[in-house]
file upload_19.cif (mmCIF, C-alpha atoms)
data_model
loop_
_atom_site.label_atom_id
_atom_site.label_comp_id
_atom_site.auth_asym_id
_atom_site.auth_seq_id
_atom_site.Cartn_x
_atom_site.Cartn_y
_atom_site.Cartn_z
CA MET A 28 -113.22 -8.35 35.43
CA ASN A 29 -116.00 -7.48 37.83
CA ALA A 30 -118.13 -10.23 39.28
CA GLN A 31 -121.45 -10.67 37.54
CA LEU A 32 -124.76 -12.35 38.19
CA THR A 33 -125.65 -14.78 35.40
CA ASN A 34 -129.00 -16.23 36.49
CA ALA A 35 -131.62 -16.04 39.24
CA PHE A 36 -133.88 -18.70 40.72
CA GLY A 37 -136.56 -17.84 43.29
CA TYR A 38 -136.72 -20.26 46.21
CA GLN A 39 -140.51 -20.43 45.88
CA GLY A 40 -140.25 -20.65 42.09
CA ASN A 41 -140.62 -16.97 41.18
CA ASN A 42 -137.73 -14.53 41.41
CA MET A 43 -140.05 -11.80 40.07
CA ALA A 44 -142.38 -11.87 43.11
CA LEU A 45 -140.16 -11.81 46.21
CA PRO A 46 -142.27 -10.66 49.17
CA VAL A 47 -141.28 -7.58 51.15
CA PRO A 48 -143.33 -5.60 53.68
CA ASP A 49 -142.44 -2.22 52.10
CA VAL A 50 -140.97 -1.90 48.60
CA ASP A 51 -139.82 1.69 49.11
CA ALA A 52 -137.97 0.78 52.30
CA ALA A 53 -136.38 -2.32 50.72
CA VAL A 54 -135.07 -0.87 47.44
CA PRO A 55 -132.15 1.23 48.81
CA PHE A 56 -130.32 -1.88 50.13
CA TYR A 57 -130.54 -3.55 46.73
CA GLU A 58 -129.31 -0.43 44.93
CA ARG A 59 -126.60 0.66 47.36
CA VAL A 60 -125.21 -2.68 48.57
CA LEU A 61 -126.09 -5.30 45.93
CA GLY A 62 -125.71 -3.05 42.88
CA PHE A 63 -129.19 -3.42 41.39
CA GLN A 64 -131.09 -0.64 39.63
CA VAL A 65 -134.86 -0.17 39.55
CA VAL A 66 -136.01 -0.65 35.95
CA ALA A 67 -139.80 -0.65 36.50
CA ARG A 68 -142.47 -0.13 39.13
CA ARG A 69 -146.07 -1.35 39.29
CA GLU A 70 -148.93 -0.61 41.63
CA VAL A 71 -151.30 -3.45 40.61
CA PRO A 72 -151.99 -6.13 41.56
CA ASN A 73 -149.39 -5.32 44.28
CA ARG A 74 -146.81 -2.56 44.72
CA THR A 75 -143.75 -3.97 42.96
CA ALA A 76 -140.26 -2.84 42.00
CA ILE A 77 -138.39 -4.69 39.26
CA LEU A 78 -134.63 -4.54 39.79
CA GLU A 79 -131.86 -5.49 37.41
CA ARG A 80 -128.15 -6.15 37.60
CA ASP A 81 -126.01 -7.65 34.83
CA GLY A 82 -129.15 -8.40 32.81
CA VAL A 83 -130.62 -10.47 35.66
CA GLN A 84 -133.93 -9.30 37.12
CA ILE A 85 -135.74 -9.80 40.40
CA GLY A 86 -139.03 -8.36 41.61
CA LEU A 87 -139.79 -7.11 45.13
CA THR A 88 -143.51 -7.07 45.85
CA GLU A 89 -145.84 -6.16 48.72
CA SER A 90 -147.83 -9.39 48.44
CA GLY A 91 -148.30 -10.15 52.13
CA GLY A 92 -145.93 -13.12 51.88
CA ASP A 93 -143.33 -13.90 54.53
CA PRO A 94 -139.89 -12.76 53.32
CA THR A 95 -138.14 -14.98 55.87
CA GLN A 96 -139.51 -17.97 53.94
CA ASP A 97 -138.32 -16.83 50.52
CA GLY A 98 -135.34 -15.49 48.62
CA CYS A 99 -133.34 -16.17 45.53
CA ALA A 100 -130.32 -18.11 44.31
CA PHE A 101 -127.94 -16.37 41.94
CA HIS A 102 -125.31 -18.00 39.77
CA VAL A 103 -122.28 -15.67 39.74
CA THR A 104 -118.96 -15.47 37.91
CA ASP A 105 -116.70 -14.76 40.91
CA ALA A 106 -118.06 -15.28 44.43
CA GLU A 107 -115.04 -13.79 46.22
CA ALA A 108 -115.00 -10.62 44.11
CA LEU A 109 -118.77 -10.24 44.51
CA PHE A 110 -118.56 -10.51 48.30
CA LYS A 111 -115.75 -7.92 48.34
CA GLU A 112 -117.90 -5.60 46.22
CA PHE A 113 -120.86 -5.98 48.58
CA ALA A 114 -118.60 -5.38 51.59
CA SER A 115 -117.17 -2.22 50.02
CA ASN A 116 -120.76 -1.07 49.36
CA GLY A 117 -121.61 -1.36 53.05
CA LEU A 118 -122.73 -4.97 53.57
CA GLU A 119 -122.65 -5.49 57.32
CA LYS A 120 -121.22 -9.01 57.13
CA HIS A 121 -117.49 -9.37 57.59
CA ASP A 122 -117.01 -13.10 57.06
CA PRO A 123 -118.55 -14.60 53.92
CA LYS A 124 -118.23 -18.14 55.32
CA PHE A 125 -117.64 -19.55 51.84
CA GLU A 126 -118.71 -23.17 51.47
CA ILE A 127 -118.72 -25.69 48.65
CA GLU A 128 -122.21 -27.04 47.97
CA ASP A 129 -123.36 -29.61 45.42
CA HIS A 130 -126.53 -28.93 43.45
CA GLY A 131 -127.76 -30.80 40.41
CA GLY A 132 -124.46 -32.57 39.84
CA SER A 133 -122.43 -29.34 40.01
CA SER A 134 -120.33 -27.88 42.81
CA PHE A 135 -120.62 -24.22 43.76
CA LYS A 136 -118.56 -21.93 45.97
CA VAL A 137 -121.29 -20.08 47.87
CA PHE A 138 -122.08 -17.39 50.38
CA TYR A 139 -125.37 -16.10 51.75
CA VAL A 140 -126.75 -12.63 52.37
CA VAL A 141 -129.90 -11.89 54.36
CA ALA A 142 -131.37 -8.55 53.30
CA PRO A 143 -132.83 -6.17 55.90
CA ASP A 144 -136.30 -7.10 54.59
CA GLY A 145 -135.69 -10.75 55.62
CA LEU A 146 -135.16 -12.29 52.17
CA CYS A 147 -132.21 -14.69 51.98
CA TYR A 148 -129.90 -14.77 48.96
CA TRP A 149 -127.57 -17.55 47.83
CA PHE A 150 -124.67 -16.52 45.59
CA GLY A 151 -122.91 -19.45 43.94
CA GLU A 152 -119.94 -19.71 41.59
CA ARG A 153 -119.80 -22.98 39.65
CA GLN A 154 -116.58 -24.88 40.34
CA GLU A 155 -114.67 -26.82 37.73
CA LYS A 156 -114.65 -30.55 38.27
CA VAL A 157 -111.25 -31.93 39.16
CA ALA A 158 -110.32 -35.09 37.23
CA PRO A 159 -109.65 -38.07 39.50
#

call {"tool": "encode", "arguments": {"input": "upload_19.cif", "output": "structure tokens"}}
result
Amino acid sequence: MNAQLTNAFGYQGNNMALPVPDVDAAVPFYERVLGFQVVARREVPNRTAILERDGVQIGLTESGGDPTQDGCAFHVTDAEALFKEFASNGLEKHDPKFEIEDHGGSSFKVFYVVAPDGLCYWFGERQEKVAP
């Protein structure tokens, strides 16, 4: 089974308005490396590309916001397989530096990717709780 994204949460509360300086320059990384496809484009109120993978959508927008202060968290089905997929697609990160993080009472196996546009992405696979 291929790894899948199951949900997205924007760090600033909106995964459909992630700021990038240039939508056209940003999109190829998301398509080629992260496996998204453009499903819609808008010109107003800001140039925006809506991307989708596994039924999960994000929006890249030329809003003037600082991409280094934003990004998105994705719940995923298999963090290791997803990282391997990204690496085989050309991700220029050789060590995923997997960590276990606790969020909202759940543990996640996670890795991070910083896109060329400056947005930071958290990919987390929920871990089963081990009985004491």

call {"tool": "residues_around", "arguments": {"input": "upload_19.cif", "residues": "A:Tyr57", "least_positions_apart": "5", "cutoff": "10 Å", "atoms": "all atoms listed in the file", "output": "ChimeraX atom specification"}}
result
/A:62-65,78-80,142-143

call {"tool": "write_last_selection", "arguments": {"input": "upload_19.cif", "atoms": "C-alpha atoms", "output": "PDB file, in the frame of the given file"}}
result
ATOM      1  CA  GLY A  62    -125.710  -3.050  42.880  1.00  0.00           C
ATOM      2  CA  PHE A  63    -129.190  -3.420  41.390  1.00  0.00           C
ATOM      3  CA  GLN A  64    -131.090  -0.640  39.630  1.00  0.00           C
ATOM      4  CA  VAL A  65    -134.860  -0.170  39.550  1.00  0.00           C
ATOM      5  CA  LEU A  78    -134.630  -4.540  39.790  1.00  0.00           C
ATOM      6  CA  GLU A  79    -131.860  -5.490  37.410  1.00  0.00           C
ATOM      7  CA  ARG A  80    -128.150  -6.150  37.600  1.00  0.00           C
ATOM      8  CA  ALA A 142    -131.370  -8.550  53.300  1.00  0.00           C
ATOM      9  CA  PRO A 143    -132.830  -6.170  55.900  1.00  0.00           C
TER      10      PRO A 143
END

call {"tool": "residues_around", "arguments": {"input": "upload_19.cif", "residues": "A:Leu146", "least_positions_apart": "5", "cutoff": "8 Å", "atoms": "all atoms listed in the file", "output": "list in words"}}
result
Leu45, Pro46, Val47, Pro94, Thr95, Gln96, Asp97, Gly98, Cys99 and Val141 of chain A

call {"tool": "resolve_selection", "arguments": {"input": "upload_19.cif", "expression": "the PyMOL selection byres ((chain A and resi 29) around 12)", "output": "list in words"}}
result
Met28, Ala30, Gln31, Leu32, Gly62, Asp81, Val103, Thr104, Asp105, Ala106, Glu107, Ala108, Leu109, Phe110, Lys111, Glu112 and Phe113 of chain A

call {"tool": "closest_residue", "arguments": {"input": "upload_19.cif", "among": "A:His102, A:Cys147, A:Glu70, A:Lys120", "to": "A:Ser133", "atoms": "all atoms listed in the file"}}
result
A:His102

call {"tool": "atom_distance", "arguments": {"input": "upload_19.cif", "atom1": "atom CA of A:Val54", "atom2": "atom CA of A:Asp144"}}
result
9.6 Å

call {"tool": "closest_residue", "arguments": {"input": "upload_19.cif", "among": "A:Gly145, A:Phe138, A:Ile85, A:Arg74", "to": "A:Asn41", "atoms": "only C-alpha atoms"}}
result
A:Ile85

call {"tool": "residues_around", "arguments": {"input": "upload_19.cif", "residues": "A:Val83", "least_positions_apart": "6", "cutoff": "8 Å", "atoms": "all atoms listed in the file", "output": "list of chain:residue names"}}
result
A:Leu32, A:Thr33, A:Asn34, A:Ala35

call {"tool": "residues_around", "arguments": {"input": "upload_19.cif", "residues": "A:Thr88", "least_positions_apart": "2", "cutoff": "10 Å", "atoms": "all atoms listed in the file", "output": "PyMOL selection string"}}
result
chain A and resi 43-50+53+68-70+72-77+85-86+90-92

call {"tool": "atom_distance", "arguments": {"input": "upload_19.cif", "atom1": "atom CA of A:Gly82", "atom2": "atom CA of A:Val66"}}
result
10.8 Å

call {"tool": "atom_distance", "arguments": {"input": "upload_19.cif", "atom1": "atom CA of A:Asn42", "atom2": "atom CA of A:Tyr148"}}
result
10.9 Å

call {"tool": "closest_residue", "arguments": {"input": "upload_19.cif", "among": "A:Leu87, A:Val71, A:Val140, A:Ala52", "to": "A:Leu118", "atoms": "all atoms listed in the file"}}
result
A:Val140

call {"tool": "closest_residue", "arguments": {"input": "upload_19.cif", "among": "A:Arg59, A:Gln84, A:Ala100, A:Ala67", "to": "A:Gly40", "atoms": "only C-alpha atoms"}}
result
A:Ala100
